[in-house]
$ cat start20.cif   # mmCIF, C-alpha atoms and all ligand atoms
data_coords
loop_
_atom_site.label_atom_id
_atom_site.label_comp_id
_atom_site.auth_asym_id
_atom_site.auth_seq_id
_atom_site.Cartn_x
_atom_site.Cartn_y
_atom_site.Cartn_z
CA MET R 1 107.40 150.19 53.73
CA GLY R 2 104.45 150.58 51.43
CA LEU R 3 101.97 148.83 53.72
CA ASP R 4 98.70 150.26 54.85
CA VAL R 5 99.10 149.53 58.58
CA ARG R 6 95.44 150.12 59.43
CA THR R 7 94.28 147.54 56.85
CA VAL R 8 96.88 145.11 58.20
CA MET R 9 95.51 145.70 61.73
CA VAL R 10 91.93 144.98 60.69
CA MET R 11 93.07 141.74 59.04
CA PHE R 12 95.07 140.68 62.10
CA SER R 13 92.16 141.53 64.35
CA MET R 14 89.89 139.26 62.32
CA LEU R 15 92.49 136.49 62.22
CA ALA R 16 92.94 136.62 66.00
CA PHE R 17 89.15 136.47 66.37
CA MET R 18 89.09 133.35 64.20
CA PHE R 19 91.73 131.77 66.45
CA PHE R 20 89.55 132.69 69.44
CA CYS R 21 86.62 130.79 67.86
CA LEU R 22 88.88 127.86 66.97
CA PHE R 23 90.31 127.49 70.50
CA GLU R 24 86.86 128.02 72.01
CA LEU R 25 85.42 125.20 69.89
CA ALA R 26 88.43 123.00 70.67
CA SER R 27 88.01 123.61 74.42
CA LEU R 28 84.55 122.01 74.26
CA ARG R 29 86.03 118.61 73.33
CA VAL R 30 89.39 118.34 75.08
CA GLY R 31 88.23 116.55 78.23
CA SER R 32 90.69 116.92 81.08
CA ILE R 33 93.32 118.88 79.10
CA ARG R 34 93.63 122.29 80.72
CA GLY R 35 94.73 125.64 79.28
CA VAL R 36 92.81 125.69 75.99
CA ARG R 37 90.14 128.09 77.29
CA GLN R 38 92.86 130.54 78.36
CA TRP R 39 94.34 130.42 74.85
CA ALA R 40 90.89 131.17 73.40
CA ILE R 41 90.39 134.24 75.61
CA ALA R 42 94.00 135.33 74.94
CA ASN R 43 93.16 135.50 71.22
CA LEU R 44 89.98 137.43 71.94
CA CYS R 45 92.02 139.98 73.93
CA MET R 46 94.50 140.27 71.07
CA SER R 47 91.73 140.66 68.52
CA LEU R 48 90.29 143.55 70.56
CA GLY R 49 93.81 144.93 71.07
CA PHE R 50 94.38 145.07 67.30
CA SER R 51 91.00 146.80 66.83
CA LEU R 52 91.85 149.49 69.38
CA ALA R 53 95.31 150.07 67.91
CA TYR R 54 93.44 150.92 64.69
CA PHE R 55 92.01 154.04 66.35
CA TYR R 56 95.28 155.19 67.88
CA GLY R 57 96.87 158.18 66.10
CA GLN R 58 93.59 159.35 64.59
CA THR R 59 92.19 162.77 65.33
CA THR R 60 89.31 161.45 67.43
CA PRO R 61 89.40 162.75 71.04
CA GLY R 62 90.77 160.30 73.59
CA HIS R 63 92.57 158.28 70.89
CA GLN R 64 95.58 157.98 73.24
CA TRP R 65 93.42 155.90 75.59
CA ALA R 66 92.96 153.45 72.72
CA ALA R 67 96.71 152.79 72.90
CA VAL R 68 96.58 152.26 76.67
CA VAL R 69 93.61 149.88 76.56
CA GLY R 70 94.85 148.13 73.40
CA LEU R 71 98.25 147.54 74.92
CA THR R 72 96.72 146.33 78.20
CA LEU R 73 94.63 143.84 76.24
CA PHE R 74 97.80 142.57 74.54
CA ALA R 75 99.51 142.25 77.92
CA VAL R 76 96.52 140.37 79.40
CA GLY R 77 96.36 138.17 76.26
CA THR R 78 100.05 137.26 76.58
CA CYS R 79 99.61 136.48 80.29
CA LEU R 80 96.65 134.24 79.43
CA GLN R 81 98.78 132.43 76.85
CA LEU R 82 101.34 131.82 79.59
CA THR R 83 98.79 130.67 82.20
CA GLY R 84 97.30 128.35 79.54
CA ILE R 85 100.74 126.87 78.79
CA LEU R 86 101.44 126.30 82.50
CA ALA R 87 97.98 124.80 83.09
CA PHE R 88 98.48 122.59 80.00
CA LYS R 89 101.77 121.38 81.54
CA LYS R 90 100.16 121.07 85.01
CA GLN R 91 102.62 123.56 86.48
CA THR R 92 102.00 126.32 89.02
CA ILE R 93 101.20 129.80 87.75
CA PRO R 94 103.36 132.75 88.97
CA TRP R 95 100.42 135.11 89.50
CA GLY R 96 102.66 137.73 91.17
CA ILE R 97 104.86 138.15 88.07
CA LEU R 98 101.83 138.31 85.76
CA ILE R 99 100.04 140.96 87.84
CA LEU R 100 103.24 143.00 88.04
CA PHE R 101 103.70 142.80 84.25
CA VAL R 102 100.12 143.95 83.52
CA ALA R 103 100.33 146.73 86.14
CA MET R 104 103.62 148.02 84.67
CA THR R 105 102.16 147.92 81.16
CA ILE R 106 99.13 149.97 82.27
CA CYS R 107 101.22 152.50 84.26
CA GLN R 108 103.76 153.14 81.52
CA GLY R 109 100.94 153.27 78.94
CA ILE R 110 99.12 155.99 80.90
CA TRP R 111 102.34 157.88 81.61
CA PHE R 112 103.78 157.91 78.07
CA SER R 113 100.47 158.16 76.18
CA VAL R 114 98.29 160.44 78.31
CA ILE R 115 100.20 162.28 81.06
CA ASN R 116 103.54 162.87 79.41
CA PRO R 117 103.19 161.75 75.76
CA ASP R 118 106.50 160.35 74.47
CA THR R 119 105.98 157.83 71.68
CA ARG R 120 109.64 156.85 71.47
CA MET R 121 110.04 156.12 75.20
CA ARG R 122 106.73 154.27 75.21
CA ALA R 123 107.88 152.06 72.33
CA ILE R 124 111.20 151.30 74.07
CA VAL R 125 109.65 150.50 77.48
CA ASN R 126 106.90 148.40 75.83
CA SER R 127 109.46 146.46 73.84
CA LEU R 128 111.48 145.69 76.97
CA LEU R 129 108.37 144.67 78.95
CA PHE R 130 107.17 142.35 76.20
CA PHE R 131 110.73 141.05 75.73
CA SER R 132 110.63 139.86 79.36
CA ILE R 133 107.19 138.19 79.21
CA TYR R 134 107.95 136.48 75.87
CA THR R 135 111.19 135.16 77.37
CA VAL R 136 109.22 133.68 80.31
CA CYS R 137 106.78 132.07 77.80
CA ALA R 138 109.65 130.62 75.72
CA ARG R 139 111.29 129.24 78.85
CA ALA R 140 108.02 127.63 80.01
CA LEU R 141 107.81 125.85 76.67
CA LEU R 142 111.42 124.80 76.24
CA VAL R 143 112.12 123.22 79.65
CA LYS R 144 110.66 120.05 81.22
CA ILE R 145 108.75 118.89 78.16
CA GLU R 146 107.13 115.56 77.40
CA ALA R 147 109.30 113.62 74.94
CA SER R 148 106.34 112.59 72.76
CA GLN R 149 105.36 116.24 72.22
CA LYS R 150 108.81 117.79 71.85
CA LEU R 151 108.31 119.06 68.31
CA ALA R 152 105.15 121.05 69.14
CA TYR R 153 106.74 122.55 72.26
CA TRP R 154 109.87 123.53 70.34
CA PHE R 155 107.85 125.14 67.55
CA THR R 156 105.82 127.28 69.97
CA GLY R 157 108.82 127.98 72.21
CA ALA R 158 110.88 129.07 69.19
CA SER R 159 108.06 131.43 68.12
CA PHE R 160 108.08 133.06 71.57
CA ALA R 161 111.89 133.22 71.56
CA ALA R 162 111.76 134.96 68.15
CA LEU R 163 109.19 137.42 69.54
CA ALA R 164 111.46 138.15 72.53
CA LEU R 165 114.44 138.69 70.25
CA LEU R 166 112.40 140.99 68.00
CA MET R 167 111.28 143.10 70.97
CA LEU R 168 114.84 143.42 72.24
CA THR R 169 116.14 144.36 68.78
CA ARG R 170 113.39 146.95 68.43
CA ALA R 171 114.24 148.52 71.80
CA VAL R 172 117.97 148.64 70.96
CA LEU R 173 117.36 150.06 67.45
CA MET R 174 115.14 152.79 68.85
CA LEU R 175 117.68 153.65 71.51
CA LEU R 176 120.40 153.87 68.85
CA SER R 177 118.37 156.08 66.48
CA PRO R 178 117.13 159.02 68.57
CA ASP R 179 116.18 161.02 65.46
CA ALA R 180 113.95 158.39 63.86
CA GLU R 181 110.25 159.19 63.84
CA VAL R 182 108.42 156.66 66.01
CA GLY R 183 104.73 155.72 65.94
CA LEU R 184 102.47 152.82 65.27
CA HIS R 185 101.15 154.34 62.07
CA VAL R 186 104.38 155.92 60.84
CA ASN R 187 105.10 153.95 57.70
CA THR R 188 108.86 153.41 58.04
CA SER R 189 110.76 150.15 58.49
CA ILE R 190 111.62 150.77 62.14
CA ASN R 191 107.88 151.09 62.96
CA THR R 192 105.96 148.90 60.51
CA LEU R 193 108.31 145.95 60.08
CA PRO R 194 108.54 144.91 63.78
CA PHE R 195 104.76 145.32 64.08
CA VAL R 196 104.01 143.08 61.07
CA VAL R 197 106.66 140.47 62.01
CA ALA R 198 105.53 140.43 65.67
CA SER R 199 101.91 139.93 64.59
CA LEU R 200 102.88 137.07 62.27
CA LEU R 201 104.89 135.49 65.09
CA GLU R 202 101.83 135.79 67.35
CA PHE R 203 99.93 133.67 64.81
CA SER R 204 102.85 131.28 64.69
CA VAL R 205 102.41 130.95 68.49
CA ALA R 206 98.68 130.26 68.00
CA PHE R 207 99.50 127.55 65.42
CA GLY R 208 102.06 126.12 67.84
CA LEU R 209 99.53 125.97 70.67
CA LEU R 210 97.10 124.15 68.38
CA LEU R 211 99.89 121.75 67.42
CA MET R 212 100.61 121.11 71.13
CA LEU R 213 96.94 120.33 71.70
CA ASN R 214 96.91 118.02 68.70
CA HIS R 215 100.04 116.16 69.86
CA ARG R 216 98.67 115.84 73.42
CA LEU R 217 95.41 114.35 72.11
CA ILE R 218 97.35 111.88 69.95
CA ALA R 219 99.54 110.93 72.94
CA ASP R 220 96.43 110.45 75.13
CA VAL R 221 94.74 108.28 72.51
CA TYR R 222 97.94 106.20 72.15
CA GLN R 223 98.13 105.88 75.94
CA MET R 224 94.50 104.71 76.09
CA ALA R 225 95.05 102.27 73.25
CA SER R 226 98.16 100.78 74.81
CA ARG R 227 97.31 100.61 78.53
CA ASP R 228 94.94 98.41 80.47
CA ALA R 229 92.34 100.70 82.04
CA LEU R 230 91.97 98.66 85.24
CA THR R 231 95.60 98.11 86.25
CA GLY R 232 97.44 100.80 84.27
CA ALA R 233 99.82 98.10 82.98
CA MET R 234 100.55 97.78 79.26
CA ASN R 235 97.91 95.86 77.37
CA ARG R 236 98.47 92.88 75.11
CA ARG R 237 98.60 94.96 71.94
CA ARG R 238 101.37 97.16 73.33
CA ILE R 239 103.55 94.32 74.62
CA GLU R 240 103.23 92.60 71.24
CA GLU R 241 104.53 95.81 69.62
CA GLU R 242 107.38 96.04 72.13
CA ALA R 243 108.22 92.37 71.51
CA VAL R 244 108.74 93.06 67.79
CA ARG R 245 111.15 95.88 68.69
CA LEU R 246 112.96 93.76 71.28
CA ARG R 247 113.30 90.88 68.81
CA ALA R 248 115.13 93.17 66.36
CA ARG R 249 117.35 94.43 69.19
CA CYS R 250 118.22 90.95 70.45
CA ILE R 251 119.03 89.74 66.92
CA ARG R 252 121.38 92.73 66.57
CA THR R 253 123.08 92.41 69.97
CA GLY R 254 122.78 88.66 70.54
CA GLU R 255 121.35 89.27 74.04
CA PRO R 256 118.86 86.75 75.49
CA LEU R 257 115.24 87.66 76.18
CA ALA R 258 113.23 86.00 78.95
CA ILE R 259 109.47 85.78 79.35
CA MET R 260 107.28 85.17 82.37
CA MET R 261 103.55 84.34 82.29
CA ILE R 262 101.86 84.97 85.66
CA ASP R 263 98.38 83.68 86.49
CA ILE R 264 96.41 84.25 89.72
CA ASP R 265 95.36 81.00 91.40
CA PHE R 266 91.66 80.30 91.92
CA PHE R 267 90.76 83.78 90.81
CA LYS R 268 87.27 82.71 89.82
CA SER R 269 86.52 81.72 93.41
CA ILE R 270 87.69 85.19 94.63
CA ASN R 271 85.21 86.78 92.22
CA ASP R 272 82.47 84.35 93.21
CA ARG R 273 83.02 84.77 96.94
CA TYR R 274 83.83 88.49 97.28
CA GLY R 275 82.37 89.92 94.07
CA HIS R 276 83.91 91.44 90.92
CA PRO R 277 85.01 94.75 92.53
CA ALA R 278 87.11 92.73 95.01
CA GLY R 279 88.55 90.74 92.09
CA ASP R 280 89.45 94.04 90.40
CA LYS R 281 91.21 95.15 93.58
CA VAL R 282 93.27 91.94 93.54
CA LEU R 283 94.23 92.53 89.89
CA ARG R 284 95.35 96.08 90.68
CA ALA R 285 97.36 94.93 93.70
CA ILE R 286 99.11 92.18 91.72
CA ALA R 287 99.94 94.60 88.90
CA ASP R 288 101.25 97.14 91.39
CA ILE R 289 103.62 94.67 93.07
CA ALA R 290 104.86 93.36 89.72
CA GLN R 291 105.43 96.85 88.27
CA LYS R 292 107.56 97.78 91.27
CA SER R 293 109.69 94.63 90.95
CA ILE R 294 110.91 95.10 87.39
CA ARG R 295 113.73 97.21 85.97
CA ALA R 296 113.03 100.27 83.81
CA GLU R 297 114.08 98.34 80.69
CA ASP R 298 111.65 95.43 81.31
CA TYR R 299 108.02 95.21 80.18
CA PHE R 300 104.97 94.19 82.14
CA ALA R 301 101.51 93.76 80.65
CA ARG R 302 98.09 92.45 81.46
CA TYR R 303 97.87 89.76 78.81
CA GLY R 304 94.18 89.01 79.38
CA GLY R 305 91.77 88.23 82.24
CA GLU R 306 93.89 87.31 85.29
CA GLU R 307 97.02 86.52 83.27
CA PHE R 308 100.04 88.85 83.14
CA CYS R 309 103.14 88.78 80.96
CA MET R 310 106.66 90.04 81.61
CA LEU R 311 109.46 90.48 79.07
CA LEU R 312 112.90 90.74 80.64
CA THR R 313 115.70 92.10 78.49
CA SER R 314 119.25 90.66 78.60
CA THR R 315 117.97 87.96 80.96
CA THR R 316 118.39 84.19 80.84
CA GLU R 317 115.81 81.67 81.97
CA SER R 318 117.66 80.97 85.24
CA GLU R 319 117.91 84.71 86.04
CA ALA R 320 114.19 85.07 85.27
CA LEU R 321 113.51 82.10 87.55
CA ASP R 322 115.15 83.99 90.47
CA LEU R 323 112.94 87.01 89.88
CA ALA R 324 109.85 84.81 89.44
CA GLU R 325 110.53 83.12 92.80
CA ARG R 326 110.94 86.50 94.49
CA LEU R 327 107.70 87.66 92.92
CA ARG R 328 105.81 84.52 93.90
CA LEU R 329 106.92 84.99 97.52
CA ALA R 330 106.03 88.70 97.45
CA PHE R 331 102.52 87.87 96.23
CA ALA R 332 102.11 85.07 98.81
CA GLU R 333 103.20 87.36 101.65
CA PHE R 334 100.88 90.15 100.53
CA THR R 335 97.56 90.41 102.35
CA LEU R 336 94.62 92.27 100.87
CA THR R 337 92.02 93.65 103.26
CA LEU R 338 88.45 93.26 101.99
CA GLY R 339 86.10 94.72 104.58
CA LYS R 340 86.67 92.65 107.71
CA GLU R 341 88.41 89.83 105.88
CA GLN R 342 92.07 89.36 105.04
CA LEU R 343 92.75 87.75 101.70
CA ASN R 344 95.96 86.00 100.66
CA ILE R 345 96.64 85.50 96.99
CA THR R 346 98.98 83.09 95.27
CA VAL R 347 100.15 82.98 91.69
CA SER R 348 101.57 80.36 89.33
CA ILE R 349 104.35 81.40 86.98
CA GLY R 350 105.77 79.89 83.78
CA VAL R 351 109.22 81.02 82.62
CA ALA R 352 111.05 80.61 79.30
CA ASP R 353 113.79 82.34 77.33
CA SER R 354 114.79 82.90 73.74
CA SER R 355 117.73 80.44 73.81
CA MET R 356 115.33 77.48 73.62
CA VAL R 357 112.35 78.79 71.69
CA GLY R 358 113.71 81.68 69.61
CA LEU R 359 112.65 85.32 69.60
CA GLU R 360 109.17 85.05 68.07
CA PHE R 361 106.83 86.46 70.71
CA ALA R 362 104.06 83.93 69.96
CA ASP R 363 106.53 81.03 70.44
CA MET R 364 107.83 82.51 73.70
CA VAL R 365 104.28 82.94 75.04
CA THR R 366 103.41 79.34 74.06
CA ALA R 367 106.50 78.01 75.89
CA ALA R 368 105.90 80.08 79.05
CA ASP R 369 102.20 79.15 78.96
CA LYS R 370 103.13 75.45 78.85
CA ALA R 371 105.34 75.92 81.91
CA LEU R 372 102.51 77.85 83.60
CA TYR R 373 100.03 75.09 82.86
CA CYS R 374 102.52 72.64 84.38
CA ALA R 375 102.77 74.83 87.52
CA LYS R 376 98.96 74.77 87.83
CA GLU R 377 98.87 71.00 87.34
CA ASN R 378 101.51 70.55 90.04
CA GLY R 379 99.52 72.27 92.76
CA ARG R 380 99.77 76.05 91.93
CA ASN R 381 101.71 78.70 93.92
CA ARG R 382 104.91 77.68 92.13
CA VAL R 383 107.30 78.61 89.32
CA ILE R 384 108.16 76.19 86.50
CA THR R 385 110.69 76.83 83.75
CA TYR R 386 110.17 75.62 80.20
CA SER R 387 113.60 73.93 80.16
CA SER R 388 112.77 71.92 83.31
CA MET R 389 109.83 70.29 81.55
CA GLY R 390 112.21 67.87 79.85
CA ALA R 391 113.40 67.14 76.34
CA GLY R 392 110.13 65.38 75.51
CA THR R 393 108.27 68.68 75.46
CA THR R 394 107.27 69.40 71.91
CA PHE R 395 107.22 72.94 70.77
N1 LIG Y 1 87.12 90.92 88.72
C1 LIG Y 1 87.56 90.62 87.50
N2 LIG Y 1 87.53 89.33 87.10
C2 LIG Y 1 88.00 89.03 85.87
C3 LIG Y 1 88.47 90.01 84.99
N3 LIG Y 1 88.87 89.39 83.86
C4 LIG Y 1 88.64 88.08 84.01
N4 LIG Y 1 88.12 87.84 85.23
C5 LIG Y 1 87.70 86.56 85.84
O1 LIG Y 1 88.82 85.72 85.99
C6 LIG Y 1 88.31 84.41 86.21
C7 LIG Y 1 89.25 83.41 85.56
O2 LIG Y 1 88.93 82.17 86.06
P1 LIG Y 1 89.62 80.83 85.59
O3 LIG Y 1 90.16 81.01 84.19
O4 LIG Y 1 88.64 79.71 85.81
O5 LIG Y 1 90.87 80.69 86.50
P2 LIG Y 1 91.05 80.50 88.08
O6 LIG Y 1 89.77 80.53 88.82
O7 LIG Y 1 92.06 81.55 88.47
O8 LIG Y 1 91.65 79.09 88.17
P3 LIG Y 1 93.15 78.67 87.95
O9 LIG Y 1 93.76 79.66 86.98
O10 LIG Y 1 93.07 77.31 87.39
O11 LIG Y 1 93.80 78.70 89.28
C8 LIG Y 1 86.91 84.38 85.64
O12 LIG Y 1 85.99 84.25 86.70
C9 LIG Y 1 86.74 85.77 85.00
O13 LIG Y 1 85.43 86.28 85.13
C10 LIG Y 1 88.45 91.38 85.43
O14 LIG Y 1 88.86 92.32 84.75
N5 LIG Y 1 87.99 91.62 86.71
#

$ encode --input "start20.cif" --output "structure tokens"
Amino acid sequence: MGLDVRTVMVMFSMLAFMFFCLFELASLRVGSIRGVRQWAIANLCMSLGFSLAYFYGQTTPGHQWAAVVGLTLFAVGTCLQLTGILAFKKQTIPWGILILFVAMTICQGIWFSVINPDTRMRAIVNSLLFFSIYTVCARALLVKIEASQKLAYWFTGASFAALALLMLTRAVLMLLSPDAEVGLHVNTSINTLPFVVASLLEFSVAFGLLLMLNHRLIADVYQMASRDALTGAMNRRRIEEEAVRLRARCIRTGEPLAIMMIDIDFFKSINDRYGHPAGDKVLRAIADIAQKSIRAEDYFARYGGEEFCMLLTSTTESEALDLAERLRLAFAEFTLTLGKEQLNITVSIGVADSSMVGLEFADMVTAADKALYCAKENGRNRVITYSSMGAGTTF
């Protein structure tokens, strides 16, 4: 290969340093996302590792130590990438394995570079050590991943898997060609090509980690934009989006869709008597009970103020009425402790389904709201269905 390896090393060192700066700057603005700082320091270690590899093989005294320290920096950098990935995924870090890996890298580096110099054996053992750590990194990225960020995880995981495969191939090739001259600066395919490809894959990993960060931030922003901060339930915007999707599904399958509007009774007086924080506590408790009562395929949202909305898939009005009654009783039986006082809450619920009002979300809300208003008018703490309001009800 006609490449000047030392020039390539200087370029890679500078590139890794730029990634260090990039991750360092990103870490300042990522809030509670963990792991980014580790990725920054990992790139700094690699940048220094590339710089030291530059000196290896030169006539300067002690150049063999450059290989030991350079390699150790690469090992530490890779471990930091892994700890960053695990912290990013909120998983526990296997410190024992990482310490063992770095210790083995240092020991074999000293043995094959300083005490008993054997470039070929060093290259084989290094390749096998890095094969194992890259495999652990790939595994950490390819299992138990968040669906919304799959692509970024796969990209980074595939880069690590390619690195592992490259290291294994390199070790096997070197074992099979005992006569080949081995050395970081020996300009033959068996030496230069794996080095250049591995370095490029390292940058592919860095791009992948940035992509993961980007996807996580987008997912967090989407989560914030679609959830109610107080109760954690979906917000109105999100349930309106889901309703459009459900409408298309129901048109396709012919399944009914039911809606429930739930409103806390005399909520203003709870706020007035116990204060807003107590009112917030009531809202959270109501949302909690409701969330636990629905199926995974149903949708529950805080529609506004003290009003909640439920969309129940493949459910008729009479089936929704059963659930609404169960919910009403659950709320009535629930007691909230506020200091020394016990507070009982009741709700009024309006129920409707698509068979009478169609699948337009706005029309379904209007119908359920009318039933809810009727429940309030009739004394509260009750469920009224839209169909029970009589044929005279205009829609
Ligand atoms: N604590 C708290 N109160 C809220 C929040 N959003 C709206 N509210 C209050 O909810 C109350 C709604 O009162 P009303 O619409 O008069 O309803 P109500 O007192 O429940 O009366 P009925 O619905 O007729 O039984 C108002 O006092 C709002 O200030 C919130 O996020 N937290």

$ closest_residue --input "start20.cif" --among "R:Leu168, R:Leu372, R:Met46, R:Ala66" --to "ligand LIG 1 (chain Y)" --atoms "only C-alpha atoms and all ligand atoms"
R:Leu372

$ residues_near_ligand --input "start20.cif" --ligand "ligand LIG 1 (chain Y)" --cutoff "6 Å" --atoms "all atoms listed in the file" --output "list in words"
Ile264, Asp265, Phe266, Phe267, Lys268, Ser269, Asn271, His276, Pro277, Gly279, Asp280, Gly305 and Glu306 of chain R

$ closest_residue --input "start20.cif" --among "R:Glu325, R:Glu240, R:Glu202, R:Asp363" --to "Gln81 of chain R" --atoms "all atoms listed in the file"
R:Glu202

$ atom_distance --input "start20.cif" --atom1 "atom CA of Ile262 of chain R" --atom2 "atom CA of Gln291 of chain R"
12.7 Å

$ residues_near_point --input "start20.cif" --point "(96.2, 137.4, 77.4)" --cutoff "8 Å" --atoms "only C-alpha atoms" --output "VMD selection string"
chain R and resid 38 to 39 41 to 43 45 to 46 73 to 82

$ residues_around --input "start20.cif" --residues "Gln91 of chain R" --least-positions-apart "3" --cutoff "12 Å" --atoms "all atoms listed in the file" --output "list in words"
Arg34, Gly35, Leu82, Thr83, Gly84, Ile85, Leu86, Ala87, Phe88, Pro94, Ala140, Leu141, Val143, Lys144 and Ile145 of chain R

$ residues_around --input "start20.cif" --residues "Ile124 of chain R" --least-positions-apart "2" --cutoff "8 Å" --atoms "all atoms listed in the file" --output "ChimeraX atom specification"
/R:120-122,126-128,170-172,174-175

$ residues_near_point --input "start20.cif" --point "(104.7, 80.1, 82.1)" --cutoff "8 Å" --atoms "all atoms listed in the file" --output "count of residues only"
22

$ residues_around --input "start20.cif" --residues "segment 2-19 of chain R" --least-positions-apart "5" --cutoff "9 Å" --atoms "all atoms listed in the file" --output "ChimeraX atom specification"
/R:24,39-40,43-51,53-55,184-188,192,195-196,199-200,203,206-207

$ write_last_selection --input "start20.cif" --atoms "C-alpha atoms" --output "short mmCIF file (atom, residue, chain, number, x, y, z; two decimals), in the frame of the given file"
data_model
loop_
_atom_site.label_atom_id
_atom_site.label_comp_id
_atom_site.auth_asym_id
_atom_site.auth_seq_id
_atom_site.Cartn_x
_atom_site.Cartn_y
_atom_site.Cartn_z
CA GLU R 24 86.86 128.02 72.01
CA TRP R 39 94.34 130.42 74.85
CA ALA R 40 90.89 131.17 73.40
CA ASN R 43 93.16 135.50 71.22
CA LEU R 44 89.98 137.43 71.94
CA CYS R 45 92.02 139.98 73.93
CA MET R 46 94.50 140.27 71.07
CA SER R 47 91.73 140.66 68.52
CA LEU R 48 90.29 143.55 70.56
CA GLY R 49 93.81 144.93 71.07
CA PHE R 50 94.38 145.07 67.30
CA SER R 51 91.00 146.80 66.83
CA ALA R 53 95.31 150.07 67.91
CA TYR R 54 93.44 150.92 64.69
CA PHE R 55 92.01 154.04 66.35
CA LEU R 184 102.47 152.82 65.27
CA HIS R 185 101.15 154.34 62.07
CA VAL R 186 104.38 155.92 60.84
CA ASN R 187 105.10 153.95 57.70
CA THR R 188 108.86 153.41 58.04
CA THR R 192 105.96 148.90 60.51
CA PHE R 195 104.76 145.32 64.08
CA VAL R 196 104.01 143.08 61.07
CA SER R 199 101.91 139.93 64.59
CA LEU R 200 102.88 137.07 62.27
CA PHE R 203 99.93 133.67 64.81
CA ALA R 206 98.68 130.26 68.00
CA PHE R 207 99.50 127.55 65.42
#

$ closest_atom_pairs --input "start20.cif" --of "segment 13-111 of chain R" --to "segment 218-231 of chain R" --cutoff "12 Å" --atoms "all atoms listed in the file" --output "CSV"
residue,atom,partner,partner_atom,distance
R:Val30,CA,R:Asp220,CA,10.6
R:Gly31,CA,R:Asp220,CA,10.7
R:Ser32,CA,R:Asp220,CA,10.5
R:Ile33,CA,R:Asp220,CA,9.8

$ atom_distance --input "start20.cif" --atom1 "atom CA of Leu311 of chain R" --atom2 "atom CA of Gly379 of chain R"
24.9 Å

$ closest_residue --input "start20.cif" --among "R:Leu338, R:Asp263, R:Thr253, R:Ser354" --to "Cys374 of chain R" --atoms "only C-alpha atoms"
R:Asp263

$ atom_distance --input "start20.cif" --atom1 "atom CA of Asp179 of chain R" --atom2 "atom CA of Ala103 of chain R"
29.7 Å

$ closest_residue --input "start20.cif" --among "R:Cys137, R:Gln64, R:Leu163, R:Ala158" --to "Asn116 of chain R" --atoms "only C-alpha atoms"
R:Gln64
